[in-house]
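Dumped model_39.pdb below, it's PDB, C-alpha atoms and all ligand atoms:
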ATOM      1  CA  MET A   1      34.096 -72.156   7.221
ATOM      2  CA  TRP A   2      34.413 -70.291   3.925
ATOM      3  CA  ASP A   3      34.748 -72.883   1.247
ATOM      4  CA  ILE A   4      37.310 -71.104  -0.918
ATOM      5  CA  ASP A   5      38.319 -74.203  -2.861
ATOM      6  CA  LYS A   6      34.768 -74.769  -3.976
ATOM      7  CA  LYS A   7      34.482 -71.100  -4.879
ATOM      8  CA  LEU A   8      37.600 -71.287  -7.020
ATOM      9  CA  SER A   9      36.470 -74.451  -8.734
ATOM     10  CA  ASN A  10      33.158 -72.772  -9.532
ATOM     11  CA  HIS A  11      35.127 -69.971 -11.181
ATOM     12  CA  ILE A  12      36.984 -72.484 -13.319
ATOM     13  CA  ASP A  13      33.914 -74.542 -14.224
ATOM     14  CA  SER A  14      32.756 -72.826 -17.405
ATOM     15  CA  SER A  15      29.635 -74.993 -17.626
ATOM     16  CA  TYR A  16      28.183 -73.224 -14.591
ATOM     17  CA  SER A  17      24.805 -71.633 -15.366
ATOM     18  CA  GLY A  18      24.096 -67.925 -14.906
ATOM     19  CA  GLN A  19      27.716 -67.039 -15.474
ATOM     20  CA  ASP A  20      29.078 -63.878 -17.006
ATOM     21  CA  ARG A  21      32.577 -62.594 -17.608
ATOM     22  CA  ASP A  22      33.661 -59.226 -16.272
ATOM     23  CA  LYS A  23      36.280 -56.995 -17.917
ATOM     24  CA  ARG A  24      39.146 -58.907 -16.262
ATOM     25  CA  GLY A  25      37.895 -62.167 -17.742
ATOM     26  CA  THR A  26      36.738 -63.494 -14.364
ATOM     27  CA  ILE A  27      33.539 -65.527 -14.354
ATOM     28  CA  ASN A  28      30.837 -63.965 -12.211
ATOM     29  CA  MET A  29      27.744 -65.815 -11.010
ATOM     30  CA  THR A  30      24.541 -64.313  -9.817
ATOM     31  CA  GLU A  31      23.531 -66.168  -6.683
ATOM     32  CA  ASP A  32      21.544 -65.782  -3.479
ATOM     33  CA  VAL A  33      22.768 -65.915   0.072
ATOM     34  CA  LEU A  34      20.920 -66.207   3.341
ATOM     35  CA  VAL A  35      22.212 -63.771   5.932
ATOM     36  CA  PHE A  36      20.908 -63.023   9.388
ATOM     37  CA  LEU A  37      21.864 -60.524  12.015
ATOM     38  CA  LYS A  38      22.467 -62.375  15.264
ATOM     39  CA  PRO A  39      21.105 -61.121  18.603
ATOM     40  CA  ASP A  40      24.133 -58.890  19.348
ATOM     41  CA  ALA A  41      23.451 -56.908  16.150
ATOM     42  CA  VAL A  42      19.683 -56.985  16.699
ATOM     43  CA  ILE A  43      19.944 -55.705  20.265
ATOM     44  CA  ARG A  44      22.671 -53.174  19.438
ATOM     45  CA  ARG A  45      20.486 -51.195  17.059
ATOM     46  CA  TYR A  46      23.152 -48.968  15.533
ATOM     47  CA  ILE A  47      25.433 -51.938  14.811
ATOM     48  CA  GLY A  48      22.577 -53.711  13.027
ATOM     49  CA  ALA A  49      21.671 -50.641  10.954
ATOM     50  CA  ARG A  50      25.315 -50.073  10.084
ATOM     51  CA  THR A  51      25.797 -53.698   8.988
ATOM     52  CA  ILE A  52      22.685 -53.628   6.812
ATOM     53  CA  LYS A  53      23.886 -50.366   5.271
ATOM     54  CA  GLU A  54      27.239 -51.921   4.412
ATOM     55  CA  PHE A  55      25.513 -54.810   2.625
ATOM     56  CA  LEU A  56      23.355 -52.376   0.644
ATOM     57  CA  ASP A  57      26.289 -50.072  -0.132
ATOM     58  CA  ALA A  58      28.133 -53.102  -1.557
ATOM     59  CA  GLY A  59      25.444 -53.168  -4.253
ATOM     60  CA  PHE A  60      23.650 -56.425  -3.388
ATOM     61  CA  LYS A  61      19.959 -56.669  -4.140
ATOM     62  CA  ILE A  62      17.629 -57.494  -1.265
ATOM     63  CA  GLY A  63      15.251 -60.334  -2.049
ATOM     64  CA  TYR A  64      13.945 -60.507   1.498
ATOM     65  CA  PHE A  65      14.339 -58.614   4.746
ATOM     66  CA  GLY A  66      12.397 -59.132   7.933
ATOM     67  CA  GLU A  67      12.296 -60.105  11.590
ATOM     68  CA  ALA A  68      12.386 -63.847  12.199
ATOM     69  CA  TYR A  69      11.510 -65.970  15.220
ATOM     70  CA  PRO A  70      12.895 -69.437  14.447
ATOM     71  CA  SER A  71      12.201 -72.070  17.072
ATOM     72  CA  LYS A  72      15.000 -73.469  19.186
ATOM     73  CA  GLU A  73      14.324 -76.845  17.572
ATOM     74  CA  PHE A  74      14.812 -75.374  14.079
ATOM     75  CA  ILE A  75      18.171 -73.826  15.004
ATOM     76  CA  GLU A  76      19.298 -77.005  16.780
ATOM     77  CA  THR A  77      18.172 -79.660  14.371
ATOM     78  CA  LYS A  78      18.191 -77.851  11.036
ATOM     79  CA  HIS A  79      20.185 -74.641  10.784
ATOM     80  CA  TYR A  80      23.131 -75.599  13.025
ATOM     81  CA  ALA A  81      22.701 -79.400  12.860
ATOM     82  CA  GLN A  82      26.241 -79.814  11.477
ATOM     83  CA  HIS A  83      27.714 -78.344  14.683
ATOM     84  CA  LYS A  84      26.064 -80.842  17.055
ATOM     85  CA  GLY A  85      28.725 -82.252  19.363
ATOM     86  CA  GLU A  86      31.034 -79.227  19.097
ATOM     87  CA  PHE A  87      32.056 -77.664  22.421
ATOM     88  CA  PHE A  88      30.268 -74.431  21.471
ATOM     89  CA  TYR A  89      27.017 -76.001  20.175
ATOM     90  CA  ASP A  90      24.725 -75.576  23.234
ATOM     91  CA  TRP A  91      25.969 -72.059  23.776
ATOM     92  CA  LEU A  92      25.554 -71.234  20.065
ATOM     93  CA  VAL A  93      21.918 -72.397  20.050
ATOM     94  CA  ASP A  94      21.166 -70.314  23.167
ATOM     95  CA  TYR A  95      22.977 -67.305  21.687
ATOM     96  CA  VAL A  96      21.135 -67.378  18.360
ATOM     97  CA  THR A  97      17.743 -67.888  20.052
ATOM     98  CA  SER A  98      18.249 -65.209  22.713
ATOM     99  CA  SER A  99      16.291 -62.610  20.666
ATOM    100  CA  HIS A 100      14.554 -62.438  17.312
ATOM    101  CA  LEU A 101      16.798 -62.296  14.222
ATOM    102  CA  LEU A 102      16.858 -60.025  11.182
ATOM    103  CA  VAL A 103      16.986 -62.171   8.080
ATOM    104  CA  PHE A 104      17.987 -61.174   4.544
ATOM    105  CA  ILE A 105      18.263 -62.798   1.218
ATOM    106  CA  LEU A 106      20.900 -60.958  -0.787
ATOM    107  CA  THR A 107      21.429 -61.440  -4.511
ATOM    108  CA  GLY A 108      24.399 -60.490  -6.622
ATOM    109  CA  ASP A 109      27.499 -61.638  -8.454
ATOM    110  CA  ASP A 110      29.571 -63.845  -6.151
ATOM    111  CA  VAL A 111      27.462 -62.626  -3.276
ATOM    112  CA  ILE A 112      28.419 -65.528  -0.951
ATOM    113  CA  CYS A 113      32.113 -64.835  -1.332
ATOM    114  CA  GLU A 114      31.649 -61.059  -1.127
ATOM    115  CA  VAL A 115      29.470 -61.159   2.006
ATOM    116  CA  ARG A 116      31.942 -63.525   3.708
ATOM    117  CA  LYS A 117      34.713 -61.061   2.853
ATOM    118  CA  LEU A 118      32.773 -58.195   4.413
ATOM    119  CA  LEU A 119      32.176 -60.250   7.569
ATOM    120  CA  ASP A 120      35.600 -61.975   7.672
ATOM    121  CA  ALA A 121      36.743 -64.655  10.175
ATOM    122  CA  THR A 122      34.306 -66.519  12.424
ATOM    123  CA  ILE A 123      36.114 -65.737  15.675
ATOM    124  CA  THR A 124      36.025 -62.017  16.331
ATOM    125  CA  GLU A 125      39.648 -61.755  17.481
ATOM    126  CA  ASN A 126      40.810 -63.343  14.193
ATOM    127  CA  ALA A 127      38.798 -61.025  11.957
ATOM    128  CA  ASP A 128      40.483 -58.168  10.119
ATOM    129  CA  CYS A 129      40.011 -54.982  12.145
ATOM    130  CA  ASN A 130      38.368 -53.253   9.159
ATOM    131  CA  SER A 131      35.810 -56.022   8.598
ATOM    132  CA  ILE A 132      32.318 -56.016  10.100
ATOM    133  CA  ARG A 133      33.180 -58.757  12.606
ATOM    134  CA  GLY A 134      36.538 -57.137  13.386
ATOM    135  CA  ARG A 135      34.864 -53.825  14.188
ATOM    136  CA  TYR A 136      31.654 -54.944  15.852
ATOM    137  CA  GLY A 137      32.032 -58.562  16.924
ATOM    138  CA  ILE A 138      32.047 -58.652  20.704
ATOM    139  CA  PHE A 139      34.271 -61.597  21.508
ATOM    140  CA  GLY A 140      34.861 -65.199  20.406
ATOM    141  CA  GLY A 141      31.825 -66.450  18.513
ATOM    142  CA  ILE A 142      29.645 -63.379  19.169
ATOM    143  CA  ASN A 143      30.175 -62.149  15.669
ATOM    144  CA  VAL A 144      27.312 -59.957  14.383
ATOM    145  CA  ALA A 145      25.910 -62.019  11.522
ATOM    146  CA  HIS A 146      25.569 -65.395   9.881
ATOM    147  CA  ALA A 147      26.036 -65.875   6.145
ATOM    148  CA  SER A 148      25.949 -69.096   4.149
ATOM    149  CA  ASP A 149      29.520 -70.208   3.494
ATOM    150  CA  SER A 150      29.208 -72.042   0.166
ATOM    151  CA  ALA A 151      26.832 -72.327  -2.777
ATOM    152  CA  GLU A 152      25.743 -75.750  -1.527
ATOM    153  CA  ASN A 153      25.026 -74.547   2.007
ATOM    154  CA  GLY A 154      23.400 -71.423   0.595
ATOM    155  CA  LYS A 155      20.850 -73.563  -1.261
ATOM    156  CA  ARG A 156      20.257 -75.798   1.765
ATOM    157  CA  GLU A 157      19.759 -72.841   4.103
ATOM    158  CA  LEU A 158      17.473 -70.955   1.723
ATOM    159  CA  ASN A 159      15.323 -74.070   1.401
ATOM    160  CA  ILE A 160      14.946 -74.737   5.126
ATOM    161  CA  TRP A 161      14.407 -71.082   6.089
ATOM    162  CA  LYS A 162      11.815 -70.578   3.339
ATOM    163  CA  LYS A 163      10.056 -73.777   4.329
ATOM    164  CA  ASP A 164      10.009 -73.288   8.115
ATOM    165  CA  VAL A 165      10.654 -69.659   9.043
ATOM    166  CA  ILE A 166      10.274 -66.877   6.480
ATOM    167  CA  LYS A 167       7.483 -66.101   4.064
ATOM    168  CA  ILE A 168       8.495 -64.104   1.009
ATOM    169  CA  GLU A 169       5.737 -61.945  -0.429
ATOM    170  CA  ARG A 170       5.806 -61.381  -4.153
ATOM    171  CA  ASN A 171       6.171 -57.782  -5.327
ATOM    172  CA  TYR A 172       7.007 -56.577  -1.820
ATOM    173  CA  ASP A 173       9.731 -53.924  -1.723
ATOM    174  CA  TYR A 174      12.139 -55.399   0.819
ATOM    175  CA  THR A 175      14.776 -52.782  -0.020
ATOM    176  CA  GLU A 176      12.376 -50.134   1.203
ATOM    177  CA  ARG A 177      11.880 -52.097   4.426
ATOM    178  CA  ALA A 178      15.644 -52.376   4.930
ATOM    179  CA  ASP A 179      16.086 -48.651   4.204
ATOM    180  CA  ALA A 180      13.403 -47.854   6.785
ATOM    181  CA  TYR A 181      15.307 -49.915   9.373
ATOM    182  CA  ILE A 182      18.555 -48.113   8.547
ATOM    183  CA  ASN A 183      16.901 -44.693   8.775
ATOM    184  CA  LYS A 184      15.304 -45.574  12.089
ATOM    185  CA  TYR A 185      18.453 -46.804  13.803
ATOM    186  CA  ILE A 186      21.514 -45.312  12.086
ATOM    187  CA  ASN A 187      21.563 -42.386  14.528
ATOM    188  CA  PHE A 188      20.747 -44.508  17.571
ATOM    189  CA  SER A 189      23.138 -44.207  20.498
ATOM    190  CA  MET A 190      26.119 -46.525  20.338
ATOM    191  CA  VAL A 191      28.661 -47.907  22.795
ATOM    192  CA  ASP A 192      32.180 -48.624  21.547
ATOM    193  CA  THR A 193      32.538 -52.395  21.060
ATOM    194  CA  ILE A 194      35.876 -52.215  22.860
ATOM    195  CA  ARG A 195      33.974 -51.724  26.125
ATOM    196  CA  TYR A 196      32.332 -55.165  25.802
ATOM    197  CA  ARG A 197      35.675 -56.731  24.931
ATOM    198  CA  GLU A 198      37.314 -55.173  27.985
ATOM    199  CA  ILE A 199      34.593 -56.469  30.302
ATOM    200  CA  SER A 200      34.815 -59.952  28.746
ATOM    201  CA  LYS A 201      38.575 -59.982  29.323
ATOM    202  CA  GLN A 202      38.217 -58.702  32.886
ATOM    203  CA  LEU A 203      35.824 -61.561  33.563
ATOM    204  CA  MET A 204      38.163 -64.090  31.957
ATOM    205  CA  ASN A 205      41.050 -62.783  34.045
ATOM    206  CA  GLU A 206      38.936 -62.835  37.229
ATOM    207  CA  LYS A 207      39.305 -59.084  37.706
ATOM    208  CA  ILE A 208      35.516 -58.918  38.045
ATOM    209  CA  ASN A 209      32.935 -61.572  38.908
ATOM    210  CA  GLU A 210      29.874 -62.703  36.936
ATOM    211  CA  LYS A 211      27.491 -60.444  38.858
ATOM    212  CA  GLU A 212      29.614 -57.384  38.172
ATOM    213  CA  ALA A 213      30.024 -58.342  34.501
ATOM    214  CA  LYS A 214      26.278 -58.781  34.127
ATOM    215  CA  TYR A 215      25.589 -55.394  35.694
ATOM    216  CA  LEU A 216      28.089 -53.723  33.321
ATOM    217  CA  PHE A 217      26.840 -55.562  30.227
ATOM    218  CA  VAL A 218      23.182 -54.802  30.957
ATOM    219  CA  ASN A 219      24.026 -51.174  31.528
ATOM    220  CA  LEU A 220      25.864 -50.813  28.212
ATOM    221  CA  LEU A 221      23.343 -52.809  26.168
ATOM    222  CA  SER A 222      20.482 -50.723  27.583
ATOM    223  CA  LYS A 223      22.150 -47.609  26.179
ATOM    224  CA  GLU A 224      22.110 -48.953  22.650
ATOM    225  CA  SER A 225      18.832 -50.830  22.558
ATOM    226  CA  ASP A 226      15.094 -50.291  22.638
ATOM    227  CA  LEU A 227      14.456 -54.000  23.271
ATOM    228  CA  ASN A 228      13.092 -55.080  26.613
ATOM    229  CA  ARG A 229      15.050 -55.754  29.785
ATOM    230  CA  GLU A 230      14.411 -59.508  29.663
ATOM    231  CA  ILE A 231      16.112 -59.861  26.253
ATOM    232  CA  ILE A 232      19.004 -57.648  27.308
ATOM    233  CA  SER A 233      19.488 -59.566  30.539
ATOM    234  CA  ARG A 234      19.393 -62.921  28.689
ATOM    235  CA  PHE A 235      21.958 -61.696  26.193
ATOM    236  CA  ALA A 236      24.233 -60.406  28.980
ATOM    237  CA  GLU A 237      24.249 -63.977  30.330
ATOM    238  CA  ILE A 238      25.206 -65.262  26.869
ATOM    239  CA  MET A 239      28.174 -62.868  26.843
ATOM    240  CA  ILE A 240      29.216 -64.110  30.274
ATOM    241  CA  ARG A 241      29.059 -67.778  29.230
ATOM    242  CA  ASN A 242      30.996 -66.911  26.081
ATOM    243  CA  ALA A 243      33.806 -65.215  28.026
ATOM    244  CA  LEU A 244      33.970 -68.007  30.627
ATOM    245  CA  SER A 245      34.042 -70.743  27.970
ATOM    246  CA  ARG A 246      36.937 -69.026  26.239
ATOM    247  CA  LYS A 247      38.763 -68.871  29.558
ATOM    248  CA  GLU A 248      38.347 -72.649  29.860
ATOM    249  CA  LYS A 249      39.730 -73.077  26.340
ATOM    250  CA  VAL A 250      42.781 -70.959  27.165
ATOM    251  CA  VAL A 251      43.372 -72.991  30.354
ATOM    252  CA  GLU A 252      43.005 -76.294  28.439
ATOM    253  CA  GLN A 253      45.677 -75.357  25.852
TER
HETATM  254  P1  LIG A 301      30.813 -71.675  11.654
HETATM  255  O1  LIG A 301      29.666 -72.128  10.800
HETATM  256  O2  LIG A 301      32.046 -72.506  11.675
HETATM  257  O3  LIG A 301      31.253 -70.177  11.303
HETATM  258  P2  LIG A 301      30.593 -69.059  10.395
HETATM  259  O4  LIG A 301      29.444 -68.472  11.174
HETATM  260  O5  LIG A 301      31.709 -68.056  10.175
HETATM  261  O6  LIG A 301      30.165 -69.724   9.115
HETATM  262  O7  LIG A 301      30.311 -71.557  13.174
HETATM  263  C1  LIG A 301      28.979 -71.161  13.464
HETATM  264  C2  LIG A 301      28.993 -70.278  14.663
HETATM  265  O8  LIG A 301      29.468 -71.007  15.795
HETATM  266  C3  LIG A 301      29.920 -69.070  14.568
HETATM  267  O9  LIG A 301      29.349 -68.015  13.871
HETATM  268  C4  LIG A 301      30.221 -68.806  16.011
HETATM  269  C5  LIG A 301      30.184 -70.152  16.684
HETATM  270  N1  LIG A 301      31.537 -70.718  16.925
HETATM  271  C6  LIG A 301      32.112 -70.578  18.175
HETATM  272  O10 LIG A 301      31.516 -69.978  19.080
HETATM  273  N2  LIG A 301      33.352 -71.084  18.406
HETATM  274  C7  LIG A 301      34.042 -71.728  17.440
HETATM  275  O11 LIG A 301      35.192 -72.188  17.702
HETATM  276  C8  LIG A 301      33.448 -71.869  16.144
HETATM  277  C9  LIG A 301      34.187 -72.588  15.029
HETATM  278  C10 LIG A 301      32.189 -71.350  15.927
END
Using the file provided, produce a representation of the structure as structure tokens.
Ligand code: TYD
Amino acid sequence: MWDIDKKLSNHIDSSYSGQDRDKRGTINMTEDVLVFLKPDAVIRRYIGARTIKEFLDAGFKIGYFGEAYPSKEFIETKHYAQHKGEFFYDWLVDYVTSSHLLVFILTGDDVICEVRKLLDATITENADCNSIRGRYGIFGGINVAHASDSAENGKRELNIWKKDVIKIERNYDYTERADAYINKYINFSMVDTIRYREISKQLMNEKINEKEAKYLFVNLLSKESDLNREIISRFAEIMIRNALSRKEKVVEQ
């Protein structure tokens, strides 16, 4: 979760390095954050391009941008190790490893806080409808992108990703690479996210069965993706498990 207390205490701690005061007297810190687009935003090409554009339009510098293929073991034992034992952990690992990811390092004043604001709440239904997750998150934990949630986690994540997954080349223009991605996919065909939410709810309410949901999901995803059928089919199954697990949660309460 977004560690707002820590963020506030960092603002108050005037001994923090790299700080600067803006015109309102607030202390700003230049920092880095690790962000990645999750498989929903990788597969749904327009949504990915749109999300990247919103990060760039917010004025953050791009220190890295590229496709990443982390192993299942890395996601399980390193990136999401703190979630082991949670009811959503197995599903989360399968979700995040269901396609490649698009990883960024963004730099800017208060970038962790600002990126978390753009994304908003973890669970799609709780996110503000103007935020990235509120507009494009499919349902439950299928929520477009990951971003480090505190300075401490930001450092930890940057270290493990740099060590095990990404290789940053000096003097490479990653902004140009991100711009090329945006230009390639910003006019790609797009399906309204509401359609996926409706199908998820129909499945939860037993108005349709898993086979019908899969057919509908695959059909919609195919319209907004150039990735292969195997990835799309695997991700459709992730959406089905997500909807069914949320049904179980509702029943339990
Ligand atoms: P978390 O780190 O708490 O959220 P965030 O990504 O906003 O920092 O959770 C990691 C991921 O786990 C989250 O992006 C989606 C998934 N998740 C669920 O599916 N259900 C849940 O109840 C929670 C808390 C997370």
Selection result of the PyMOL selection byres (((chain A and resi 230-241) around 7) and not hetatm) on this file, as a list of chain:residue names: A:Tyr95, A:Ser98, A:Ser99, A:Glu210, A:Lys214, A:Phe217, A:Val218, A:Leu221, A:Leu227, A:Asn228, A:Arg229, A:Asn242, A:Ala243, A:Leu244, A:Ser245
Ligand LIG 301 (chain A) neighbours within 7 Å using all atoms listed in the file, as a VMD selection string: chain A and resid 1 to 2 88 92 121 to 123 140 to 143 146 to 149
Residues in the PyMOL selection byres (((chain A and resi 109) around 7) and not hetatm), expressed as a PyMOL selection string: chain A and resi 28-31+108+110-111
Let's have the selection written as a compact mmCIF listing (two decimals), in the frame of the given file, with C-alpha atoms.
# COMPACT_ATOMS: atom_id res chain seq x y z
CA ASN A 28 30.84 -63.96 -12.21
CA MET A 29 27.74 -65.82 -11.01
CA THR A 30 24.54 -64.31 -9.82
CA GLU A 31 23.53 -66.17 -6.68
CA GLY A 108 24.40 -60.49 -6.62
CA ASP A 110 29.57 -63.84 -6.15
CA VAL A 111 27.46 -62.63 -3.28
Residue contacts of Ile52 of chain A (12 Å, all atoms listed in the file) excluding same-chain residues fewer than 2 positions away, as an NGL selection string: :A and (35-37 or 41-42 or 45-50 or 54-62 or 65-66 or 102-106 or 115 or 118-119 or 132 or 144-145 or 175 or 177-183 or 185-186)
Residue with smallest distance to Ile166 of chain A - pool A:Gly154, A:Gly85, A:Gly63, A:Gly137, counting all atoms listed in the file: A:Gly63
Atomic separation - atom CA of Asp32 of chain A relative to atom CA of Glu114 of chain A, Å: 11.4 Å
Nearest candidate to Lys53 of chain A (options A:His79, A:Lys167, A:Lys162, A:Lys184; using all atoms listed in the file):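 Selected residue with least distance to Lys53 of chain A: A:Lys184.
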Spatial neighbours of Pro70 of chain A, max dist 10 Å, all atoms listed in the file, sep filter under 5 positions, as a list of chain:residue names: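 With the cut-off at 10 Å, the set is A:Ile75, A:His79, A:Val96, A:Thr97, A:Ser99, A:His100, A:Leu101, A:Trp161, A:Asp164, A:Val165, A:Ile166.
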Point-to-point distance in Å for atom CA of Lys207 of chain A and atom CA of Pro39 of chain A: 26.5 Å
Counting only C-alpha atoms, the residue of A:Glu224, A:Glu125, A:Glu152, A:Glu169 that sits nearest Ile112 of chain A: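 When distances to Ile112 of chain A are compared using only C-alpha atoms, the smallest one comes from A:Glu152.
Closest approach to Phe188 of chain A among A:Val33, A:Ile138, A:Ile43, A:Ala127 is made by A:Ile43 (distances from only C-alpha atoms).
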Expansion of the PyMOL selection byres (((chain A and resi 200) around 8) and not hetatm) into residues, as a PyMOL selection string: chain A and resi 139+196-199+201-204+213+239-240+243
Atom CA of Asn159 of chain A to atom CA of Ala68 of chain A, straight-line distance in Å: 15.2 Å
Residue nearest Glu76 of chain A among A:Asp120, A:Tyr64, A:Asp226, A:Trp91 (counting only C-alpha atoms):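 Among A:Asp120, A:Tyr64, A:Asp226, A:Trp91, it is A:Trp91 that comes nearest to Glu76 of chain A.
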Residue among A:Val191, A:Leu158, A:Cys129, A:Ala151 lying closest to Asn219 of chain A, counting only C-alpha atoms: A:Val191
Draw an axis-aligned box over all listed atoms of segment 170-183 of chain A, pad each side with 8 Å, and write its centre and edge lengths in Å, one decimal, as JSON.
{"center_x": 12.2, "center_y": -53.0, "center_z": 2.0, "size_x": 28.7, "size_y": 32.7, "size_z": 30.7}
